[in-house]
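Colleague: Quick one: this structure, given as structure tokens, is what I'll be asking you about.
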Amino acid sequence: MGVKIIPTINCGDFACIAEKFKKSVEFGAEWVQIDIADGVFTLHKTWNNPEEFKILNFKLKINAEIHLMVENPLDVINEWIEAGAKRIIIHLEAIKSEKLKSYLGDCEIGIALNPKTSIENLIPYLATIDSSKKFVQILAVEPGLSGQKFQPQVLDKIKFLKKNYPDVIIEVDGGINLETSKMCKEAGADILVAGSYIWDSKDLKIAFKELAEI
């Protein structure tokens, strides 16, 4: 059985978001991920407008996870939940409290780790996720720009989680292609987030299918 593939959308304006959101629906994606970078937690800034997302999501009706690469994610998390996000991913490095439950409602939550963050730092937070599905995103690149090279040392994090916390759903984001997707699947990943491999290909549907069949 293959891993689930989620195309990621990393854009500076709403027109780009809308175009890639629509194309994701057309080539058969069940989920999309939208990267939200504030230029503070990250080196660059992306589109960031929950109200525009709400309108787009209402029209196209696709499951969307919002990857909040922002300095204070708990200040804005409810805006994205109210706009229709099915899952919110926040960075462990940006969480200043373990009190997450009051923000969730019916929305799933995932915790992301940067490549240099120790996996042990995550453990105290796993019990705070008030969801039937515990969800962790392992970043294989530094948060921010799309197109970065996969950092293979993150494979050890995937293996650690799969061995010690088998109930945790593991998503891997960054540098995903045909080669690295195989490595991540073998390590225990459940979901792979792909950006450049899909969007830079000549045929989006074929690129998406190739990854899904790994």
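By order in the structure tokens, chains are A, B, ...; within a chain, residues start at 1; ligands start at 1, following the order shown.
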I'd like the neighbourhood of stretch 166-170 of chain A as a ChimeraX atom specification, where a residue qualifies if any of its atoms comes within 12 Å (using only C-alpha atoms), though same-chain residues fewer than 2 positions away should be ignored.

Modeller: /A:3-4,108-113,122-123,126-127,129,131-139,154-155,157-164,172-173,184-185,187-193

Colleague: Can you pull out the residues contacting A:Ala83? Cut-off 9 Å, using only C-alpha atoms, and skip same-chain residues under 6 positions away; I want them as a ChimeraX atom specification.

Modeller: /A:50-55,57

Colleague: Kindly export the residues of the current selection with N, CA and C atoms, as a CSV table (one decimal), in the first residue's frame.

Modeller:
```csv
chain,number,residue,atom,x,y,z
A,50,PRO,N,-7.0,34.2,5.7
A,50,PRO,CA,-8.1,33.2,5.9
A,50,PRO,C,-9.4,33.5,5.3
A,51,GLU,N,-9.8,34.8,5.1
A,51,GLU,CA,-11.0,35.1,4.5
A,51,GLU,C,-11.1,34.7,3.0
A,52,GLU,N,-10.0,34.9,2.3
A,52,GLU,CA,-9.9,34.5,0.9
A,52,GLU,C,-9.9,33.0,0.8
A,53,PHE,N,-9.3,32.3,1.7
A,53,PHE,CA,-9.3,30.9,1.7
A,53,PHE,C,-10.7,30.3,2.0
A,54,LYS,N,-11.4,31.0,2.8
A,54,LYS,CA,-12.8,30.6,3.1
A,54,LYS,C,-13.6,30.5,1.9
A,55,ILE,N,-13.5,31.6,1.1
A,55,ILE,CA,-14.3,31.7,-0.2
A,55,ILE,C,-13.9,30.6,-1.1
A,57,ASN,N,-12.3,27.7,-0.5
A,57,ASN,CA,-12.6,26.4,0.0
A,57,ASN,C,-14.1,26.1,-0.1
```

Colleague: For stretch 207-209 of chain A, list every protein, DNA or RNA residue within 9 Å, evaluated using only C-alpha atoms, and leave out those in the same chain fewer than 3 positions away; present the list as a list of chain:residue names.

Modeller: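 Returned residues: A:Ile5, A:Ile6, A:Pro7, A:Phe27, A:Gly28, A:Ala29, A:Ala194, A:Tyr197, A:Ile198, A:Trp199, A:Ser201, A:Lys202, A:Asp203, A:Leu204, A:Ala212, A:Glu213, A:Ile214.
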
Colleague: What does the file look like for those residues with N, CA, C and O atoms, as a PDB file, in the first residue's frame?

Modeller:
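Printed below is result.pdb as written:
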```
ATOM      1  N   ILE A   5      -0.208  11.078  -0.660  1.00  0.00           N
ATOM      2  CA  ILE A   5       0.537  12.228  -1.171  1.00  0.00           C
ATOM      3  C   ILE A   5      -0.334  13.479  -1.084  1.00  0.00           C
ATOM      4  O   ILE A   5      -1.486  13.474  -1.510  1.00  0.00           O
ATOM      5  N   ILE A   6       0.231  14.530  -0.523  1.00  0.00           N
ATOM      6  CA  ILE A   6      -0.462  15.818  -0.432  1.00  0.00           C
ATOM      7  C   ILE A   6       0.365  16.876  -1.152  1.00  0.00           C
ATOM      8  O   ILE A   6       1.514  17.114  -0.774  1.00  0.00           O
ATOM      9  N   PRO A   7      -0.175  17.502  -2.193  1.00  0.00           N
ATOM     10  CA  PRO A   7       0.550  18.606  -2.827  1.00  0.00           C
ATOM     11  C   PRO A   7       0.557  19.824  -1.908  1.00  0.00           C
ATOM     12  O   PRO A   7      -0.450  20.108  -1.247  1.00  0.00           O
ATOM     13  N   PHE A  27      -6.198  17.116 -10.698  1.00  0.00           N
ATOM     14  CA  PHE A  27      -5.377  15.918 -10.851  1.00  0.00           C
ATOM     15  C   PHE A  27      -5.614  14.883  -9.748  1.00  0.00           C
ATOM     16  O   PHE A  27      -4.909  13.895  -9.637  1.00  0.00           O
ATOM     17  N   GLY A  28      -6.640  15.102  -8.939  1.00  0.00           N
ATOM     18  CA  GLY A  28      -7.122  14.035  -8.071  1.00  0.00           C
ATOM     19  C   GLY A  28      -6.658  14.041  -6.633  1.00  0.00           C
ATOM     20  O   GLY A  28      -6.854  13.051  -5.928  1.00  0.00           O
ATOM     21  N   ALA A  29      -6.076  15.133  -6.173  1.00  0.00           N
ATOM     22  CA  ALA A  29      -5.642  15.186  -4.780  1.00  0.00           C
ATOM     23  C   ALA A  29      -6.843  15.246  -3.841  1.00  0.00           C
ATOM     24  O   ALA A  29      -7.808  15.957  -4.104  1.00  0.00           O
ATOM     25  N   ALA A 194       4.463  17.050  -1.112  1.00  0.00           N
ATOM     26  CA  ALA A 194       5.335  17.331  -2.251  1.00  0.00           C
ATOM     27  C   ALA A 194       4.964  18.653  -2.904  1.00  0.00           C
ATOM     28  O   ALA A 194       3.790  18.931  -3.134  1.00  0.00           O
ATOM     29  N   TYR A 197       8.388  18.823  -6.919  1.00  0.00           N
ATOM     30  CA  TYR A 197       8.352  17.655  -7.806  1.00  0.00           C
ATOM     31  C   TYR A 197       7.067  17.640  -8.630  1.00  0.00           C
ATOM     32  O   TYR A 197       7.086  17.260  -9.806  1.00  0.00           O
ATOM     33  N   ILE A 198       5.979  18.059  -8.024  1.00  0.00           N
ATOM     34  CA  ILE A 198       4.705  18.101  -8.749  1.00  0.00           C
ATOM     35  C   ILE A 198       4.605  19.341  -9.615  1.00  0.00           C
ATOM     36  O   ILE A 198       4.381  19.263 -10.825  1.00  0.00           O
ATOM     37  N   TRP A 199       4.804  20.516  -9.005  1.00  0.00           N
ATOM     38  CA  TRP A 199       4.511  21.765  -9.711  1.00  0.00           C
ATOM     39  C   TRP A 199       5.520  22.091 -10.809  1.00  0.00           C
ATOM     40  O   TRP A 199       5.195  22.821 -11.748  1.00  0.00           O
ATOM     41  N   SER A 201       6.829  19.784 -12.757  1.00  0.00           N
ATOM     42  CA  SER A 201       6.764  18.723 -13.760  1.00  0.00           C
ATOM     43  C   SER A 201       5.956  19.182 -14.978  1.00  0.00           C
ATOM     44  O   SER A 201       5.160  20.120 -14.906  1.00  0.00           O
ATOM     45  N   LYS A 202       6.165  18.473 -16.093  1.00  0.00           N
ATOM     46  CA  LYS A 202       5.432  18.804 -17.309  1.00  0.00           C
ATOM     47  C   LYS A 202       3.976  18.331 -17.234  1.00  0.00           C
ATOM     48  O   LYS A 202       3.101  18.916 -17.866  1.00  0.00           O
ATOM     49  N   ASP A 203       3.746  17.248 -16.496  1.00  0.00           N
ATOM     50  CA  ASP A 203       2.393  16.707 -16.351  1.00  0.00           C
ATOM     51  C   ASP A 203       2.118  16.523 -14.866  1.00  0.00           C
ATOM     52  O   ASP A 203       2.646  15.595 -14.242  1.00  0.00           O
ATOM     53  N   LEU A 204       1.303  17.379 -14.306  1.00  0.00           N
ATOM     54  CA  LEU A 204       1.038  17.361 -12.875  1.00  0.00           C
ATOM     55  C   LEU A 204       0.391  16.056 -12.443  1.00  0.00           C
ATOM     56  O   LEU A 204       0.745  15.496 -11.391  1.00  0.00           O
ATOM     57  N   ALA A 212       2.297   8.710  -5.647  1.00  0.00           N
ATOM     58  CA  ALA A 212       1.262   7.938  -4.956  1.00  0.00           C
ATOM     59  C   ALA A 212       1.475   6.442  -5.094  1.00  0.00           C
ATOM     60  O   ALA A 212       1.008   5.661  -4.260  1.00  0.00           O
ATOM     61  N   GLU A 213       2.159   6.019  -6.144  1.00  0.00           N
ATOM     62  CA  GLU A 213       2.366   4.594  -6.377  1.00  0.00           C
ATOM     63  C   GLU A 213       3.637   4.058  -5.743  1.00  0.00           C
ATOM     64  O   GLU A 213       3.939   2.870  -5.865  1.00  0.00           O
ATOM     65  N   ILE A 214       4.387   4.918  -5.066  1.00  0.00           N
ATOM     66  CA  ILE A 214       5.623   4.472  -4.409  1.00  0.00           C
ATOM     67  C   ILE A 214       5.277   3.428  -3.337  1.00  0.00           C
ATOM     68  O   ILE A 214       4.389   3.648  -2.532  1.00  0.00           O
TER      69      ILE A 214
END
```

Colleague: Go ahead and compute the interatomic distance for atom CA of A:Ile89 and atom CA of A:Trp31, in Å to one decimal.

Modeller: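 We find that atom CA of A:Ile89 and atom CA of A:Trp31 lie 13.7 Å from each other.
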
Colleague: As a ChimeraX atom specification, list the residues of stretch 60-213 of chain A assigned to alpha helix (DSSP H) by DSSP on the backbone atoms of this structure.

Modeller: /A:60,77-82,123-126,155-164,178-187,196-199,204-212

Colleague: What does the structure give for the distance between atom CA of A:Tyr125 and atom CA of A:Pro73, in Å to one decimal?

Modeller: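 Calculated distance between atom CA of A:Tyr125 and atom CA of A:Pro73 is 15.2 Å.
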
Colleague: Got a sec to tell me which of stretch 5-131 of chain A DSSP assigns to strand (DSSP E), as an MDAnalysis selection string?

Modeller: chainID A and resid 5:9 31:37 63:69 87:91 108:113
